[in-house]
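File shown: input_16.pdb (PDB, C-alpha atoms).
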ATOM      1  CA  GLY U   1     115.449  81.049  74.380
ATOM      2  CA  ARG U   2     112.294  80.489  72.342
ATOM      3  CA  GLU U   3     110.530  78.281  74.825
ATOM      4  CA  GLU U   4     107.443  80.442  74.582
ATOM      5  CA  GLY U   5     106.671  78.727  71.325
ATOM      6  CA  ALA U   6     106.231  81.987  69.489
ATOM      7  CA  LYS U   7     108.596  82.377  66.584
ATOM      8  CA  GLU U   8     109.010  85.992  65.641
ATOM      9  CA  GLY U   9     108.442  86.954  62.030
ATOM     10  CA  GLY U  10     106.372  90.023  61.138
ATOM     11  CA  SER U  11     104.820  89.772  57.732
ATOM     12  CA  GLY U  12     106.687  86.646  56.654
ATOM     13  CA  GLU U  13     109.054  85.430  53.947
ATOM     14  CA  GLU U  14     108.863  86.697  50.377
ATOM     15  CA  VAL U  15     108.698  83.764  47.961
ATOM     16  CA  GLY U  16     106.060  84.201  45.055
ATOM     17  CA  GLY U  17     102.108  85.054  44.905
ATOM     18  CA  HIS U  18      99.687  83.736  47.602
ATOM     19  CA  SER U  19      99.746  84.544  51.307
ATOM     20  CA  LEU U  20      99.416  81.837  53.943
ATOM     21  CA  LEU U  21      98.089  82.609  57.421
ATOM     22  CA  ILE U  22      98.578  80.485  60.525
ATOM     23  CA  SER U  23      95.862  81.637  62.928
ATOM     24  CA  GLU U  24      95.463  80.292  66.477
ATOM     25  CA  VAL U  25      92.811  80.850  69.157
ATOM     26  CA  VAL U  26      93.696  80.492  72.850
ATOM     27  CA  ASN U  27      90.966  79.376  75.261
ATOM     28  CA  ALA U  28      91.954  79.205  78.924
ATOM     29  CA  ARG U  29      90.728  79.441  82.487
ATOM     30  CA  LEU U  30      93.072  80.346  85.294
ATOM     31  CA  GLU U  31      92.584  80.575  89.030
ATOM     32  CA  GLY U  32      95.111  83.163  90.081
ATOM     33  CA  ARG U  33      98.170  81.909  88.197
ATOM     34  CA  LYS U  34      97.121  78.280  88.248
ATOM     35  CA  LEU U  35      96.024  76.952  84.864
ATOM     36  CA  LEU U  36      92.750  74.987  85.107
ATOM     37  CA  GLN U  37      91.701  74.672  81.458
ATOM     38  CA  TYR U  38      93.645  75.247  78.267
ATOM     39  CA  ARG U  39      93.010  74.662  74.580
ATOM     40  CA  VAL U  40      94.593  76.184  71.495
ATOM     41  CA  SER U  41      92.990  75.541  68.115
ATOM     42  CA  GLY U  42      94.807  76.506  64.948
ATOM     43  CA  GLU U  43      94.162  76.812  61.243
ATOM     44  CA  LEU U  44      96.340  77.244  58.198
ATOM     45  CA  ARG U  45      94.555  79.273  55.521
ATOM     46  CA  LEU U  46      95.357  80.462  52.056
ATOM     47  CA  VAL U  47      94.518  84.171  52.195
ATOM     48  CA  SER U  48      94.550  86.895  49.505
ATOM     49  CA  PRO U  49      95.220  84.221  46.861
ATOM     50  CA  ALA U  50      96.455  85.179  43.420
ATOM     51  CA  ALA U  51      94.538  84.319  40.236
ATOM     52  CA  ARG U  52      95.711  80.978  38.838
ATOM     53  CA  PRO U  53      95.771  80.571  35.040
ATOM     54  CA  GLY U  54      97.011  76.995  35.530
ATOM     55  CA  THR U  55      97.245  74.426  38.312
ATOM     56  CA  SER U  56      99.385  75.711  41.168
ATOM     57  CA  GLU U  57     101.248  73.448  43.559
ATOM     58  CA  PHE U  58     103.524  73.805  46.549
ATOM     59  CA  ARG U  59     104.771  71.562  49.329
ATOM     60  CA  PHE U  60     105.609  72.195  52.954
ATOM     61  CA  ARG U  61     106.750  70.495  56.117
ATOM     62  CA  LEU U  62     105.828  71.508  59.659
ATOM     63  CA  ARG U  63     108.475  72.582  62.135
ATOM     64  CA  ASN U  64     107.758  72.033  65.857
ATOM     65  CA  ALA U  65     105.052  69.567  64.799
ATOM     66  CA  HIS U  66     105.406  67.758  68.155
ATOM     67  CA  ARG U  67     103.547  70.711  69.715
ATOM     68  CA  ILE U  68     100.317  70.047  67.821
ATOM     69  CA  GLU U  69      97.933  67.099  67.360
ATOM     70  CA  GLN U  70      94.590  66.170  65.782
ATOM     71  CA  VAL U  71      95.838  67.533  62.457
ATOM     72  CA  LYS U  72      93.121  67.500  59.796
ATOM     73  CA  VAL U  73      93.828  68.587  56.235
ATOM     74  CA  ASN U  74      91.379  69.824  53.623
ATOM     75  CA  ASP U  75      91.782  66.686  51.522
ATOM     76  CA  LYS U  76      90.192  68.322  48.500
ATOM     77  CA  PHE U  77      93.382  70.369  48.068
ATOM     78  CA  VAL U  78      95.962  68.904  50.474
ATOM     79  CA  LYS U  79      97.651  65.489  50.515
ATOM     80  CA  ALA U  80      99.862  64.350  53.385
ATOM     81  CA  ASN U  81     102.652  61.807  52.976
ATOM     82  CA  ASP U  82     105.323  61.032  55.579
ATOM     83  CA  GLY U  83     105.391  64.568  57.034
ATOM     84  CA  MET U  84     105.267  66.302  53.652
ATOM     85  CA  TYR U  85     102.101  68.195  52.694
ATOM     86  CA  THR U  86     101.356  68.839  49.022
ATOM     87  CA  VAL U  87      98.855  71.581  48.161
ATOM     88  CA  SER U  88      97.347  71.457  44.658
ATOM     89  CA  LEU U  89      95.187  74.396  43.617
ATOM     90  CA  PRO U  90      93.071  74.215  40.448
ATOM     91  CA  PRO U  91      93.049  77.074  37.905
ATOM     92  CA  THR U  92      90.713  79.963  38.765
ATOM     93  CA  ARG U  93      90.126  83.581  37.806
ATOM     94  CA  ASP U  94      88.207  84.289  41.000
ATOM     95  CA  PRO U  95      90.362  82.970  43.853
ATOM     96  CA  LYS U  96      88.890  82.792  47.370
ATOM     97  CA  PRO U  97      90.511  82.187  50.754
ATOM     98  CA  LEU U  98      90.801  78.475  51.520
ATOM     99  CA  PRO U  99      91.258  76.575  54.782
ATOM    100  CA  LEU U 100      94.089  74.065  54.271
ATOM    101  CA  MET U 101      94.613  72.520  57.704
ATOM    102  CA  LYS U 102      93.228  72.521  61.251
ATOM    103  CA  TYR U 103      94.872  71.328  64.474
ATOM    104  CA  VAL U 104      94.958  71.730  68.252
ATOM    105  CA  ALA U 105      97.938  72.292  70.523
ATOM    106  CA  SER U 106      99.357  69.257  72.259
ATOM    107  CA  GLY U 107      98.154  68.808  75.839
ATOM    108  CA  ARG U 108     101.811  68.880  76.914
ATOM    109  CA  TRP U 109     102.363  72.337  75.409
ATOM    110  CA  ARG U 110     100.489  74.962  77.436
ATOM    111  CA  PRO U 111     102.167  78.399  77.390
ATOM    112  CA  VAL U 112     100.035  81.054  79.112
ATOM    113  CA  PRO U 113     100.168  84.391  77.237
ATOM    114  CA  VAL U 114      98.734  86.758  79.879
ATOM    115  CA  TYR U 115      98.170  86.905  83.633
ATOM    116  CA  VAL U 116      95.789  89.098  85.657
ATOM    117  CA  ASP U 117      96.348  89.659  89.384
ATOM    118  CA  ALA U 118      93.357  91.532  90.819
ATOM    119  CA  GLU U 119      92.407  92.822  94.264
ATOM    120  CA  ALA U 120      89.492  94.767  95.731
ATOM    121  CA  ALA U 121      89.103  97.016  98.750
ATOM    122  CA  GLU U 122      86.354  99.030 100.411
ATOM    123  CA  ALA U 123      86.461 102.682  99.347
ATOM    124  CA  ALA U 124      84.393 105.796  99.822
ATOM    125  CA  GLY U 125      81.332 105.334  97.626
ATOM    126  CA  GLY U 126      81.891 101.694  96.701
ATOM    127  CA  VAL U 127      84.574  99.116  96.045
ATOM    128  CA  ARG U 128      87.927  99.901  94.443
ATOM    129  CA  VAL U 129      89.059  97.158  92.056
ATOM    130  CA  ARG U 130      92.669  97.038  90.939
ATOM    131  CA  ALA U 131      94.241  94.656  88.444
ATOM    132  CA  ALA U 132      97.817  94.153  87.259
ATOM    133  CA  VAL U 133      97.845  92.748  83.728
ATOM    134  CA  GLU U 134     101.071  91.302  82.329
ATOM    135  CA  THR U 135     102.291  89.015  79.594
ATOM    136  CA  ASN U 136     104.233  85.832  80.083
ATOM    137  CA  PRO U 137     107.875  87.023  80.285
ATOM    138  CA  GLN U 138     108.803  84.403  77.679
ATOM    139  CA  LEU U 139     106.521  86.019  75.092
ATOM    140  CA  LYS U 140     108.751  88.458  73.227
ATOM    141  CA  THR U 141     106.080  89.992  70.976
ATOM    142  CA  PRO U 142     103.644  92.513  72.546
ATOM    143  CA  LEU U 143      99.949  91.743  72.798
ATOM    144  CA  GLN U 144      97.646  94.244  71.072
ATOM    145  CA  ASP U 145      94.113  95.483  71.671
ATOM    146  CA  VAL U 146      93.952  93.993  75.150
ATOM    147  CA  ALA U 147      90.603  94.276  76.951
ATOM    148  CA  VAL U 148      89.916  93.170  80.527
ATOM    149  CA  ALA U 149      86.351  93.020  81.833
ATOM    150  CA  LEU U 150      84.757  92.276  85.198
ATOM    151  CA  ARG U 151      81.075  91.400  84.907
ATOM    152  CA  VAL U 152      78.877  92.959  87.600
ATOM    153  CA  GLN U 153      75.363  91.571  87.259
ATOM    154  CA  ASP U 154      73.693  94.163  89.441
ATOM    155  CA  GLU U 155      71.228  96.657  87.931
ATOM    156  CA  GLY U 156      72.086  99.366  90.432
ATOM    157  CA  ALA U 157      75.848  99.205  89.852
ATOM    158  CA  SER U 158      78.011 101.561  87.826
ATOM    159  CA  CYS U 159      81.664 102.479  87.712
ATOM    160  CA  SER U 160      83.854 105.568  87.620
ATOM    161  CA  GLU U 161      87.528 106.561  87.811
ATOM    162  CA  VAL U 162      88.427 103.889  85.257
ATOM    163  CA  GLU U 163      92.163 103.894  84.511
ATOM    164  CA  PRO U 164      94.086 103.732  82.232
ATOM    165  CA  ALA U 165      91.160 103.724  79.754
ATOM    166  CA  GLY U 166      87.748 102.133  79.544
ATOM    167  CA  GLY U 167      84.408 102.503  81.288
ATOM    168  CA  TRP U 168      81.103 100.824  82.006
ATOM    169  CA  ASP U 169      79.950  98.399  79.312
ATOM    170  CA  GLU U 170      76.172  98.645  79.508
ATOM    171  CA  ALA U 171      75.533  95.697  77.193
ATOM    172  CA  GLY U 172      77.714  93.351  79.210
ATOM    173  CA  SER U 173      77.059  94.890  82.649
ATOM    174  CA  SER U 174      80.824  95.037  83.006
ATOM    175  CA  VAL U 175      83.674  97.252  84.040
ATOM    176  CA  LYS U 176      85.954  97.221  80.990
ATOM    177  CA  TRP U 177      89.559  98.335  80.675
ATOM    178  CA  ARG U 178      91.392  98.817  77.372
ATOM    179  CA  ILE U 179      95.141  98.516  76.838
ATOM    180  CA  ASP U 180      96.409  99.257  73.324
ATOM    181  CA  GLU U 181      99.642  97.314  73.745
ATOM    182  CA  LEU U 182     100.995  95.062  76.476
ATOM    183  CA  ALA U 183     104.728  94.404  76.251
ATOM    184  CA  ARG U 184     106.944  91.979  78.118
ATOM    185  CA  GLU U 185     108.025  93.171  81.583
ATOM    186  CA  LYS U 186     105.757  96.233  81.270
ATOM    187  CA  PRO U 187     102.597  95.309  83.214
ATOM    188  CA  ALA U 188      99.535  97.530  82.961
ATOM    189  CA  SER U 189      97.859  98.778  86.154
ATOM    190  CA  CYS U 190      94.069  98.992  85.904
ATOM    191  CA  SER U 191      91.678 100.395  88.492
ATOM    192  CA  ALA U 192      88.044 101.412  88.817
ATOM    193  CA  LEU U 193      85.545 102.369  91.493
ATOM    194  CA  VAL U 194      82.435 100.178  91.412
ATOM    195  CA  ALA U 195      79.573 102.056  93.056
ATOM    196  CA  GLY U 196      75.923 101.363  93.749
ATOM    197  CA  GLY U 197      74.310  97.974  93.627
ATOM    198  CA  GLY U 198      74.142  95.593  96.534
ATOM    199  CA  ALA U 199      75.357  92.130  97.417
ATOM    200  CA  PRO U 200      75.700  90.962  93.765
ATOM    201  CA  ALA U 201      78.068  93.846  92.984
ATOM    202  CA  ARG U 202      80.200  93.112  96.049
ATOM    203  CA  GLU U 203      80.244  89.425  95.162
ATOM    204  CA  ALA U 204      81.397  90.199  91.613
ATOM    205  CA  CYS U 205      84.191  92.464  92.892
ATOM    206  CA  SER U 206      85.258  89.805  95.374
ATOM    207  CA  ARG U 207      84.946  86.588  93.389
ATOM    208  CA  GLY U 208      84.165  87.432  89.758
ATOM    209  CA  ALA U 209      86.404  86.153  86.966
ATOM    210  CA  MET U 210      88.187  88.655  84.737
ATOM    211  CA  GLN U 211      87.400  88.167  81.032
ATOM    212  CA  VAL U 212      90.445  88.885  78.850
ATOM    213  CA  GLN U 213      90.681  89.588  75.121
ATOM    214  CA  PHE U 214      93.893  90.075  73.157
ATOM    215  CA  GLY U 215      95.599  89.623  69.824
ATOM    216  CA  CYS U 216      99.190  89.107  68.741
ATOM    217  CA  GLU U 217     100.517  89.552  65.202
ATOM    218  CA  GLY U 218     103.628  87.998  63.722
ATOM    219  CA  VAL U 219     103.809  84.926  65.979
ATOM    220  CA  THR U 220     101.927  81.789  66.969
ATOM    221  CA  ILE U 221     101.503  80.543  70.529
ATOM    222  CA  THR U 222     102.475  76.985  69.542
ATOM    223  CA  GLY U 223     105.567  78.045  67.609
ATOM    224  CA  ILE U 224     104.410  75.975  64.640
ATOM    225  CA  GLU U 225     106.281  76.902  61.460
ATOM    226  CA  LEU U 226     106.048  76.022  57.777
ATOM    227  CA  GLU U 227     109.029  75.141  55.638
ATOM    228  CA  VAL U 228     107.661  75.829  52.156
ATOM    229  CA  GLN U 229     109.342  73.822  49.374
ATOM    230  CA  VAL U 230     109.264  74.929  45.760
ATOM    231  CA  GLY U 231     106.602  72.985  43.843
ATOM    232  CA  THR U 232     106.783  71.523  40.358
ATOM    233  CA  THR U 233     105.252  74.746  39.005
ATOM    234  CA  GLY U 234     107.385  77.055  41.126
ATOM    235  CA  SER U 235     106.448  78.307  44.559
ATOM    236  CA  PRO U 236     103.248  80.401  44.495
ATOM    237  CA  VAL U 237     103.653  81.438  48.152
ATOM    238  CA  SER U 238     104.827  84.990  48.844
ATOM    239  CA  ARG U 239     104.105  85.485  52.550
ATOM    240  CA  LEU U 240     103.601  83.471  55.695
ATOM    241  CA  LEU U 241     101.535  85.432  58.235
ATOM    242  CA  ARG U 242     101.153  84.388  61.879
ATOM    243  CA  ARG U 243      98.618  85.419  64.496
ATOM    244  CA  PHE U 244      97.034  84.304  67.728
ATOM    245  CA  THR U 245      93.993  85.736  69.503
ATOM    246  CA  SER U 246      91.944  85.022  72.592
ATOM    247  CA  GLY U 247      88.824  82.897  72.523
ATOM    248  CA  LYS U 248      87.219  82.448  75.938
ATOM    249  CA  TYR U 249      89.956  83.476  78.360
ATOM    250  CA  GLU U 250      89.077  83.918  82.041
ATOM    251  CA  VAL U 251      91.072  84.562  85.188
ATOM    252  CA  ALA U 252      89.259  83.809  88.469
ATOM    253  CA  PRO U 253      90.695  84.802  91.859
ATOM    254  CA  ALA U 254      92.534  82.111  93.822
ATOM    255  CA  GLU U 255      90.782  83.446  96.924
ATOM    256  CA  PRO U 256      88.134  86.121  97.575
ATOM    257  CA  ARG U 257      89.381  89.666  96.983
ATOM    258  CA  LEU U 258      87.208  91.147  99.743
TER     259      LEU U 258
END
Take the structure in the file and give it back as C-alpha cells.
Amino acid sequence: GREEGAKEGGSGEEVGGHSLLISEVVNARLEGRKLLQYRVSGELRLVSPAARPGTSEFRFRLRNAHRIEQVKVNDKFVKANDGMYTVSLPPTRDPKPLPLMKYVASGRWRPVPVYVDAEAAEAAGGVRVRAAVETNPQLKTPLQDVAVALRVQDEGASCSEVEPAGGWDEAGSSVKWRIDELAREKPASCSALVAGGGAPAREACSRGAMQVQFGCEGVTITGIELEVQVGTTGSPVSRLLRRFTSGKYEVAPAEPRL
C-alpha cells in the first residue's frame, strides 16, 4: 500500500519547459517511539524556470489534498477556484525561482519517517552508547545523508570508536554518526565510546535526545501530488520534483539509558 504518503517518482513527468518542486520539512519530537510533537511544512516552487517570451499559463489540481491544510498561494501569480489552481507567469528574459504555494500537513496525517532506539552502558574508559536507526517500514524510498547526533555539554568529554562513520563534533559538543543511505528494513547500528567528562556527560548519555537529520528525494512525506493540466498557451511544465528533509527532529529516550 501507499499509506506512508510518499508517492514514488524520481525526477518527475516530462511535459514542456519549467520544473516544479514540492519541498517539505519534517519537524518532530519523539520519546522512544511515541510521537510528542509533529509538524510538516511544505512549499511548491517554480525552479529552473525557462525564459518566457510571452505570458505562460498552466493549471493544476492537488491529489491527496485532504492531507494538507492552511494552504496559501502566491496570489501575484496563482489564482485558486474550486480546487483548480491557475498559474500565470508574465514574460521575462531573466526568469527566477518563484514560490507558488505554502501549506502544512493535516494534524490527522502524521507519518514518522525515522526511529532511533538508543541504549548506554558502562564500559572501560567511559560510557558505550549504541543506537539502532531505522526508517518507517512503510517508507519505500531510502533516506539519504542521515546524521544522528548526541549532544554532550561537558568540556572534558570526547569520543572514540565511532561506528559506522562519524566522530566528535567540536562545534556542537556532540557525538555525530553519518549514514549515507538508510533503506527500509535495513537499520543502521551506531556506537561510540564517550570518555572523560563528569556528571554532565553521563547525564547526556543517559537522558540526552538524539538529533536527527535526513533527506529524501523523489517523494513527499504527505503524498501530495499535482495533476498538471495543459494551459491555454500549452503546458510549460517539464518536471515535477519531490523532496522532504528534516527540520528540528529529536528522539528522546522513553526512560533513562543508564
For this file, the PyMOL selection byres ((chain U and resi 76) around 12) selects which residues, as an mmCIF file with C-alpha atoms, in the coordinates of the input?
data_model
loop_
_atom_site.group_PDB
_atom_site.id
_atom_site.type_symbol
_atom_site.label_atom_id
_atom_site.label_comp_id
_atom_site.auth_asym_id
_atom_site.auth_seq_id
_atom_site.Cartn_x
_atom_site.Cartn_y
_atom_site.Cartn_z
ATOM 1 C CA LYS U 72 93.121 67.500 59.796
ATOM 2 C CA VAL U 73 93.828 68.587 56.235
ATOM 3 C CA ASN U 74 91.379 69.824 53.623
ATOM 4 C CA ASP U 75 91.782 66.686 51.522
ATOM 5 C CA PHE U 77 93.382 70.369 48.068
ATOM 6 C CA VAL U 78 95.962 68.904 50.474
ATOM 7 C CA LYS U 79 97.651 65.489 50.515
ATOM 8 C CA ALA U 80 99.862 64.350 53.385
ATOM 9 C CA THR U 86 101.356 68.839 49.022
ATOM 10 C CA VAL U 87 98.855 71.581 48.161
ATOM 11 C CA SER U 88 97.347 71.457 44.658
ATOM 12 C CA LEU U 89 95.187 74.396 43.617
ATOM 13 C CA PRO U 90 93.071 74.215 40.448
ATOM 14 C CA LEU U 98 90.801 78.475 51.520
ATOM 15 C CA PRO U 99 91.258 76.575 54.782
ATOM 16 C CA LEU U 100 94.089 74.065 54.271
ATOM 17 C CA MET U 101 94.613 72.520 57.704
#
Query raised in the report: Residues picked by the PyMOL selection byres ((chain U and resi 115-121) around 10) here, as number ranges by chain?
Result: U: 30-34, 112-114, 122-123, 126-136, 148, 187-194, 202, 205-207, 209-212, 250-258
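The set of residues that the PyMOL selection byres ((chain U and resi 151-154) around 9) takes from this file is Ala149, Leu150, Glu155, Gly156, Ala157, Ser158, Gly172, Ser173, Ser174, Val175, Lys176, Val194, Gly196, Gly197, Gly198, Ala199, Pro200, Ala201, Arg202, Glu203, Ala204, Cys205, Gly208, Ala209, Met210 and Gln211 of chain U.
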With C-alpha atoms retained, export the selected residues as a CSV table (one decimal), in the frame of the given file.
chain,number,residue,atom,x,y,z
U,149,ALA,CA,86.4,93.0,81.8
U,150,LEU,CA,84.8,92.3,85.2
U,155,GLU,CA,71.2,96.7,87.9
U,156,GLY,CA,72.1,99.4,90.4
U,157,ALA,CA,75.8,99.2,89.9
U,158,SER,CA,78.0,101.6,87.8
U,172,GLY,CA,77.7,93.4,79.2
U,173,SER,CA,77.1,94.9,82.6
U,174,SER,CA,80.8,95.0,83.0
U,175,VAL,CA,83.7,97.3,84.0
U,176,LYS,CA,86.0,97.2,81.0
U,194,VAL,CA,82.4,100.2,91.4
U,196,GLY,CA,75.9,101.4,93.7
U,197,GLY,CA,74.3,98.0,93.6
U,198,GLY,CA,74.1,95.6,96.5
U,199,ALA,CA,75.4,92.1,97.4
U,200,PRO,CA,75.7,91.0,93.8
U,201,ALA,CA,78.1,93.8,93.0
U,202,ARG,CA,80.2,93.1,96.0
U,203,GLU,CA,80.2,89.4,95.2
U,204,ALA,CA,81.4,90.2,91.6
U,205,CYS,CA,84.2,92.5,92.9
U,208,GLY,CA,84.2,87.4,89.8
U,209,ALA,CA,86.4,86.2,87.0
U,210,MET,CA,88.2,88.7,84.7
U,211,GLN,CA,87.4,88.2,81.0
Query raised in the report: Excluding same-chain residues fewer than 6 positions from Lys248 (chain U), what lies within 10 Å of it counting all atoms listed in the file, as number ranges by chain?
Result: U: 25-29, 38-39, 211-213
What's around Tyr103 (chain U) at 8 Å? Count all atoms listed in the file, leave out sequence neighbours fewer than 3 positions away in its own chain, and write the answer as a short mmCIF file (atom, residue, chain, number, x, y, z; two decimals) with C-alpha atoms, in the coordinates of the input.
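Wrote it out as result-v7.cif, contents follow:
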data_model
loop_
_atom_site.label_atom_id
_atom_site.label_comp_id
_atom_site.auth_asym_id
_atom_site.auth_seq_id
_atom_site.Cartn_x
_atom_site.Cartn_y
_atom_site.Cartn_z
CA SER U 41 92.99 75.54 68.11
CA GLY U 42 94.81 76.51 64.95
CA GLU U 43 94.16 76.81 61.24
CA ILE U 68 100.32 70.05 67.82
CA GLU U 69 97.93 67.10 67.36
CA GLN U 70 94.59 66.17 65.78
CA VAL U 71 95.84 67.53 62.46
CA LYS U 72 93.12 67.50 59.80
#
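Nearest-residue note for Arg239 (chain U): choosing from U:Gly218, U:Glu185, U:Gly83, U:Gln37, the minimum distance belongs to U:Gly218, counting only C-alpha atoms.
The interatomic distance for the pair CA of His18 (chain U) and CA of Leu240 (chain U) works out to 9.0 Å.
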Report task. Have a look at U:Leu35, U:Arg61, U:Arg178, U:Lys140 and name the one nearest to Glu225 (chain U); count all atoms listed in the file. Result -> U:Arg61
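For the pair CA of Ala183 (chain U) and CA of Asn64 (chain U), the separation is 24.9 Å.
Distance-wise, CA of Thr245 (chain U) and CA of Leu143 (chain U) end up 9.1 Å apart.
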Identify, on the basis of only C-alpha atoms, every residue whose closest approach to Lys96 (chain U) does not exceed 10 Å; exclude the query and any residue fewer than 5 positions from it along the same chain; express the result as a compact mmCIF listing (two decimals) with C-alpha atoms, in the frame of the given file.
# COMPACT_ATOMS: atom_id res chain seq x y z
CA LEU U 46 95.36 80.46 52.06
CA VAL U 47 94.52 84.17 52.20
CA SER U 48 94.55 86.90 49.50
CA PRO U 49 95.22 84.22 46.86
CA ALA U 50 96.46 85.18 43.42
CA ALA U 51 94.54 84.32 40.24
